[in-house]
Amino acid sequence: MSDPIEALRAHLAPIDDLESAAAVLAWDQETFMPDGGAEARAHQLSTLQSTAHERFVSDETGTLLDRAADATADADPESLRDDASLVRVTRRDYERARRVPSSLVAELSEATSRAKQAWKKARAEDDFTIFAPHLETLVDLSVEKAEAIGYEAEPYDALLQEFEPDLTTAEVADTFTALREDLVPLVDAIADSPQLEDDVLHRSYPQPAQRTFGEQILADLGYDFDRGRQDVSAHPFTTSFSVGDVRITTRYEKDYLPSALFSMIHEGGHALYEQGIDPALDRTPLGDGASLGIHESQARLWENHVGRSRPFWRHYFPKLQDAFPDAVGDASLDAFYRAVNRVEPSLIRVEADEVTYNLHVMLRFELERGLIDGTVAVDELPARWNEAMDDYLGVVPDTDADGVLQDVHWSMGSFGYFPTYTLGTLTAAQLMDTVREEIPDLDARLAEGDFDPLLDWLRTHVHQHGRKHTAPQLLERVTGRALSATPWLQYARDKFGALYDLDERA
């Protein structure tokens, strides 16, 4: 009789291959596919994803899991042993997937593929009505999926737990309420302060030079272009087909540098995580991030704690001046550092500053929770969006393209995804507190352009483990405590208090 663990791995590997093949087609859909391929692509993705689902939820998977569980019965499920972790994670995925009919998986896949194309067109033409019927379909199918999976309190729980297995909607809402109580006074205090100038960011930055400069930064951070590539898409994203093939995208604005630059660093943080997973976990359910919140923590850590830090720009500002002499030649390091950290309520989440960013996430969480529980109707979403923007940020978009249509996630059927952005932001700050304790000269290393100590630390403590630990287990193991908003709030008060002289005016 074959080894039970190896038999399980052999069974799971081609299922992962099918899912990776579907991911390649989805990446192509966002980057190079002609518009005329949309209908055929919907069918192709549906076939691959439903086939993978059917193979995964088969009785054979259950039998192999039972045998593997018997073989690892004496192992500590929270240990670093890959075998016990493989059984535990696969069991959870299997039991959840078994509740969803393959026909629903196929229907969701086709609807998502069509919705993404409709979203692109709707955004380009600033016409929500193009996207609305597709969104209604996705909401209905997502509710059907939630009912099939089951939940204790509300249907949003079932969708949220696809991305954060150990969290409930109520827990996220409590975390956000507590965060907002301390965040809003900070936003108000900054709003009452003299504003930082950011004219330097709005000059002419030719796209070819932006790409060259940004990709050099990515390479310096540790992104391996032999195992990845960067392309252009309507909404920046990262996708992984294996540890050896992790791709990112960005979008450019010729007269606003941060749009592409910080999205490159953000997506690069995701990609560094994927490239750092132990290759032994490839082609198994363990070969992914611990949760979307942990994944987002890596992107937010590199984008903000590194990419918007003064030490980072001590190293890169002279290089930026060389790359864009007409735009930055007359600027100072201090002025540029202040510009990239300007706090101002704005319309676009992916370009929001560190302080107001979380308000964007809370807004989306509130609206999509309403879509799923039926208290928000799709046809009233643009108006509800604008009302929430006014309430949360004090700004209202003139167009739906800059409002309800700005994010791709709802066209992907990714309800339950948005909270992970703020969960990741909080996690990043908590991780960085521990990093600074263990690498006391971190700022000096960053100022020299030496990112290896930080990347090595993250590879050792976070990346290599994939999904072997749950997000709470991983954070407890690494930082010694459960997730808390306190480290991020302290980080924000220290950084932006200094930038806006809040202590002097208090």
# chains A, B, ... in the order shown; residues from 1 in each chain; ligands from 1
>>> residues_around(residues="stretch 288-302 of chain A", least_positions_apart="6", cutoff="7 Å", atoms="only C-alpha atoms", output="list in words")
Phe163, Glu164, Ile265, His266, Glu267, Gly268, Gly269, His270, Tyr273, Glu274, Thr420, Tyr421, Leu423, Gly424, Thr425, Thr427, Ala428, Gly466, Arg467, His469, Thr470 and Ala471 of chain A
>>> write_last_selection(atoms="C-alpha atoms", output="PDB file, in the first residue's frame")
ATOM      1  CA  PHE A 163     -10.544  34.799   2.982  1.00  0.00           C
ATOM      2  CA  GLU A 164     -10.284  34.878   6.793  1.00  0.00           C
ATOM      3  CA  ILE A 265       5.661  48.253  -4.312  1.00  0.00           C
ATOM      4  CA  HIS A 266       2.305  47.094  -2.920  1.00  0.00           C
ATOM      5  CA  GLU A 267       1.886  44.299  -5.463  1.00  0.00           C
ATOM      6  CA  GLY A 268       5.564  43.523  -5.067  1.00  0.00           C
ATOM      7  CA  GLY A 269       4.900  42.841  -1.384  1.00  0.00           C
ATOM      8  CA  HIS A 270       2.267  40.288  -2.346  1.00  0.00           C
ATOM      9  CA  TYR A 273       5.264  36.479  -0.186  1.00  0.00           C
ATOM     10  CA  GLU A 274       4.316  34.093  -3.002  1.00  0.00           C
ATOM     11  CA  THR A 420      -8.711  42.013   4.696  1.00  0.00           C
ATOM     12  CA  TYR A 421      -7.134  45.309   3.594  1.00  0.00           C
ATOM     13  CA  LEU A 423      -6.790  43.580   8.813  1.00  0.00           C
ATOM     14  CA  GLY A 424      -3.566  43.473   6.792  1.00  0.00           C
ATOM     15  CA  THR A 425      -2.748  47.075   7.662  1.00  0.00           C
ATOM     16  CA  THR A 427      -1.056  43.101  11.001  1.00  0.00           C
ATOM     17  CA  ALA A 428       1.743  44.888   9.158  1.00  0.00           C
ATOM     18  CA  GLY A 466       2.365  29.155   3.393  1.00  0.00           C
ATOM     19  CA  ARG A 467      -0.901  27.983   4.958  1.00  0.00           C
ATOM     20  CA  HIS A 469      -0.615  27.988  10.294  1.00  0.00           C
ATOM     21  CA  THR A 470      -3.851  29.916  10.540  1.00  0.00           C
ATOM     22  CA  ALA A 471      -3.530  33.694  10.578  1.00  0.00           C
TER      23      ALA A 471
END
>>> residues_around(residues="stretch 328-332 of chain A", least_positions_apart="4", cutoff="9 Å", atoms="only C-alpha atoms", output="ChimeraX atom specification")
/A:200-201,203,317,320-324,336-337
>>> atom_distance(atom1="atom CA of A:Ile348", atom2="atom CA of A:Asp192")
22.0 Å
>>> closest_residue(among="A:Ser411, A:Ser204, A:Thr129, A:Thr249", to="A:Arg114", atoms="only C-alpha atoms")
A:Ser411
>>> residues_around(residues="A:Ala84", least_positions_apart="6", cutoff="12 Å", atoms="only C-alpha atoms", output="JSON, numbers by chain")
{"A": [4, 5, 65, 68, 69, 70, 71, 72, 73, 74, 75, 76, 77, 78, 90, 91, 286, 467, 468, 469]}
>>> write_last_selection(atoms="C-alpha atoms", output="PDB file, in the first residue's frame")
ATOM      1  CA  PRO A   4      -1.095   7.821   2.604  1.00  0.00           C
ATOM      2  CA  ILE A   5       0.423  11.300   2.575  1.00  0.00           C
ATOM      3  CA  LEU A  65      -7.918  12.396   3.585  1.00  0.00           C
ATOM      4  CA  ALA A  68      -3.744  10.522   5.712  1.00  0.00           C
ATOM      5  CA  ALA A  69      -5.423  11.642   8.928  1.00  0.00           C
ATOM      6  CA  ASP A  70      -4.887   8.189  10.448  1.00  0.00           C
ATOM      7  CA  ALA A  71      -1.230   8.317   9.399  1.00  0.00           C
ATOM      8  CA  THR A  72      -0.717  11.676  11.147  1.00  0.00           C
ATOM      9  CA  ALA A  73      -2.943  11.026  14.152  1.00  0.00           C
ATOM     10  CA  ASP A  74      -0.080  11.393  16.621  1.00  0.00           C
ATOM     11  CA  ALA A  75       1.263  14.624  15.111  1.00  0.00           C
ATOM     12  CA  ASP A  76       0.709  18.023  16.691  1.00  0.00           C
ATOM     13  CA  PRO A  77      -1.586  19.802  14.214  1.00  0.00           C
ATOM     14  CA  GLU A  78      -0.103  23.169  15.176  1.00  0.00           C
ATOM     15  CA  THR A  90      -7.190  20.208   3.079  1.00  0.00           C
ATOM     16  CA  ARG A  91      -9.897  18.872   5.386  1.00  0.00           C
ATOM     17  CA  LEU A 286      -0.581  24.725   1.643  1.00  0.00           C
ATOM     18  CA  ARG A 467      -0.901  27.983   4.958  1.00  0.00           C
ATOM     19  CA  LYS A 468       0.657  25.663   7.544  1.00  0.00           C
ATOM     20  CA  HIS A 469      -0.615  27.988  10.294  1.00  0.00           C
TER      21      HIS A 469
END
>>> residues_around(residues="stretch 486-497 of chain A", least_positions_apart="4", cutoff="10 Å", atoms="only C-alpha atoms", output="number ranges by chain")
A: 179, 182-183, 186-187, 189-190, 305, 309, 338, 341-343, 354-355, 425-433, 501-505
>>> select_by_dssp(residues="stretch 318-477 of chain A", states="alpha helix (DSSP H)", output="count of residues only")
91
>>> closest_residue(among="A:Asp400, A:Asp373, A:Asp278, A:Asp379", to="A:Leu347", atoms="only C-alpha atoms")
A:Asp400
>>> closest_residue(among="A:Val89, A:Ala178, A:Tyr94, A:Arg41", to="A:Asp59", atoms="only C-alpha atoms")
A:Tyr94
>>> closest_residue(among="A:Glu351, A:Glu107, A:Asp390, A:Asp456", to="A:Ser263", atoms="only C-alpha atoms")
A:Glu351
>>> closest_residue(among="A:Arg314, A:Lys145, A:Arg251, A:Arg364", to="A:Glu162", atoms="only C-alpha atoms")
A:Lys145
>>> atom_distance(atom1="atom CA of A:Phe56", atom2="atom CA of A:Val246")
23.7 Å
>>> residues_around(residues="A:Thr434", least_positions_apart="5", cutoff="12 Å", atoms="only C-alpha atoms", output="list in words")
Thr427, Ala428, Ala429, Ile439, Pro440, Leu442, Leu454, Trp457, Leu458, His461, Leu475, Glu476, Arg477, Val478, Thr479, Gly480, Arg481 and Pro487 of chain A
>>> closest_residue(among="A:Asp326, A:Glu253, A:Glu110, A:Glu95", to="A:Thr47", atoms="only C-alpha atoms")
A:Glu110
>>> residues_around(residues="A:Ala219", least_positions_apart="3", cutoff="12 Å", atoms="only C-alpha atoms", output="number ranges by chain")
A: 212-216, 222-230, 264-265, 268-269, 271-272, 449-452
